[in-house]
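The structure appears right after this line, and notes come after that.
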Amino acid sequence: MGIVTREKLLQALDNIYGKKGMSRPDVEDLSDFVLSFFGYDDYVLDNVLSPAERDVFYNLEEYGILETYREEISILHGKVWRVNQWRYRKDKIDELASASADRKNETNIYDEIFKEM
């Protein structure tokens, strides 16, 4: 999976939050919110997030959509600069999005029975 598209992320988030009762427009807003930080990149620097935005990212981390990554870079005079980032978990996003598609393909046998009556 190259770039996380809006459709793919939307399907994955709908599979998580839609099951919990979040409306489709709210899931779309959440998807757009996340994509507004990432754009076409795979990571976001943590220091650009406000505390409220970081809380949303931590919640997405609990569901496996995002993960934190820390990199240490040596700068002048032996000091270490720590860079904290958020990254997509593309494998989990793809898994959740495809699970959503599989769920839509399931048919309710009771609907078929009542159509025949």
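Naming scheme: A, B, ... for chains in displayed order of the structure tokens; residues 1 onward per chain; ligands 1 onward as shown.
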**Report entry** Ala12 of chain A surroundings by only C-alpha atoms, 12 Å radius, close-in-sequence under 5 positions cut, as a PyMOL selection string
**Finding:** chain A and resi 4-7+17-19+27-28+30-31+60+63-66+89-103
Query raised in the report: Quick one: DSSP strand (DSSP E) residues in segment 25-81 of chain A, as a ChimeraX atom specification?
Result: /A:43-45,66-74,80-81
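Comparing A:Asp26, A:Leu49, A:Gly21, A:Asp41 by their smallest distance to Ile3 of chain A, the closest is A:Asp41 (using only C-alpha atoms).
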Requested in this report: Identify all residues of segment 36-67 of chain A in alpha helix (DSSP H) (DSSP on the backbone) and supply them as an MDAnalysis selection string.
Outcome: chainID A and resid 36:38 51:62
Could the residues in this selection be written to a file with N, CA and C atoms, as a compact mmCIF listing (two decimals), in the first residue's frame?
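New file out_31.txt:
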# COMPACT_ATOMS: atom_id res chain seq x y z
N SER A 36 -5.47 15.86 7.02
CA SER A 36 -4.99 17.25 6.95
C SER A 36 -3.60 17.38 7.57
N PHE A 37 -3.24 16.50 8.47
CA PHE A 37 -1.90 16.52 9.06
C PHE A 37 -0.90 15.76 8.20
N PHE A 38 -1.30 14.61 7.69
CA PHE A 38 -0.38 13.75 6.96
C PHE A 38 -0.21 14.17 5.50
N PRO A 51 -2.42 19.77 22.28
CA PRO A 51 -2.78 18.67 23.19
C PRO A 51 -4.08 17.95 22.80
N ALA A 52 -5.08 18.68 22.33
CA ALA A 52 -6.34 18.05 21.93
C ALA A 52 -6.14 17.18 20.69
N GLU A 53 -5.35 17.66 19.73
CA GLU A 53 -5.06 16.88 18.54
C GLU A 53 -4.26 15.64 18.88
N ARG A 54 -3.33 15.78 19.81
CA ARG A 54 -2.52 14.64 20.25
C ARG A 54 -3.40 13.58 20.90
N ASP A 55 -4.43 14.00 21.64
CA ASP A 55 -5.36 13.05 22.26
C ASP A 55 -6.07 12.21 21.20
N VAL A 56 -6.46 12.84 20.10
CA VAL A 56 -7.10 12.12 19.01
C VAL A 56 -6.12 11.11 18.42
N PHE A 57 -4.87 11.51 18.26
CA PHE A 57 -3.87 10.61 17.71
C PHE A 57 -3.60 9.44 18.66
N TYR A 58 -3.60 9.69 19.97
CA TYR A 58 -3.42 8.60 20.93
C TYR A 58 -4.59 7.62 20.83
N ASN A 59 -5.80 8.14 20.63
CA ASN A 59 -6.95 7.26 20.48
C ASN A 59 -6.82 6.40 19.22
N LEU A 60 -6.36 7.00 18.15
CA LEU A 60 -6.14 6.24 16.91
C LEU A 60 -5.02 5.22 17.08
N GLU A 61 -4.07 5.52 17.94
CA GLU A 61 -3.00 4.58 18.22
C GLU A 61 -3.54 3.34 18.94
N GLU A 62 -4.51 3.54 19.82
CA GLU A 62 -5.11 2.42 20.54
C GLU A 62 -5.77 1.43 19.58
Report summary line: Pairwise distance, atom CA of Asn84 of chain A with atom CA of Gln11 of chain A, equals 27.4 Å
If we count only C-alpha atoms, what is near Tyr43 of chain A at a cut-off of 7 Å, once residues fewer than 3 positions away on the same chain are taken out, given as a PDB file with N, CA and C atoms, in the first residue's frame?
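So around05.pdb came out as:
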ATOM      1  N   PHE A  38      -1.298  14.609   7.687  1.00  0.00           N
ATOM      2  CA  PHE A  38      -0.376  13.754   6.955  1.00  0.00           C
ATOM      3  C   PHE A  38      -0.208  14.174   5.505  1.00  0.00           C
ATOM      4  N   GLN A  85       7.616  11.348  16.233  1.00  0.00           N
ATOM      5  CA  GLN A  85       6.773  11.386  15.044  1.00  0.00           C
ATOM      6  C   GLN A  85       5.595  10.429  15.209  1.00  0.00           C
ATOM      7  N   TRP A  86       4.568  10.680  14.426  1.00  0.00           N
ATOM      8  CA  TRP A  86       3.435   9.775  14.292  1.00  0.00           C
ATOM      9  C   TRP A  86       3.478   9.214  12.892  1.00  0.00           C
ATOM     10  N   ARG A  87       3.252   7.892  12.765  1.00  0.00           N
ATOM     11  CA  ARG A  87       3.250   7.248  11.459  1.00  0.00           C
ATOM     12  C   ARG A  87       1.987   6.430  11.280  1.00  0.00           C
ATOM     13  N   TYR A  88       1.572   6.311  10.019  1.00  0.00           N
ATOM     14  CA  TYR A  88       0.479   5.409   9.676  1.00  0.00           C
ATOM     15  C   TYR A  88       0.932   3.966   9.882  1.00  0.00           C
TER      16      TYR A  88
END
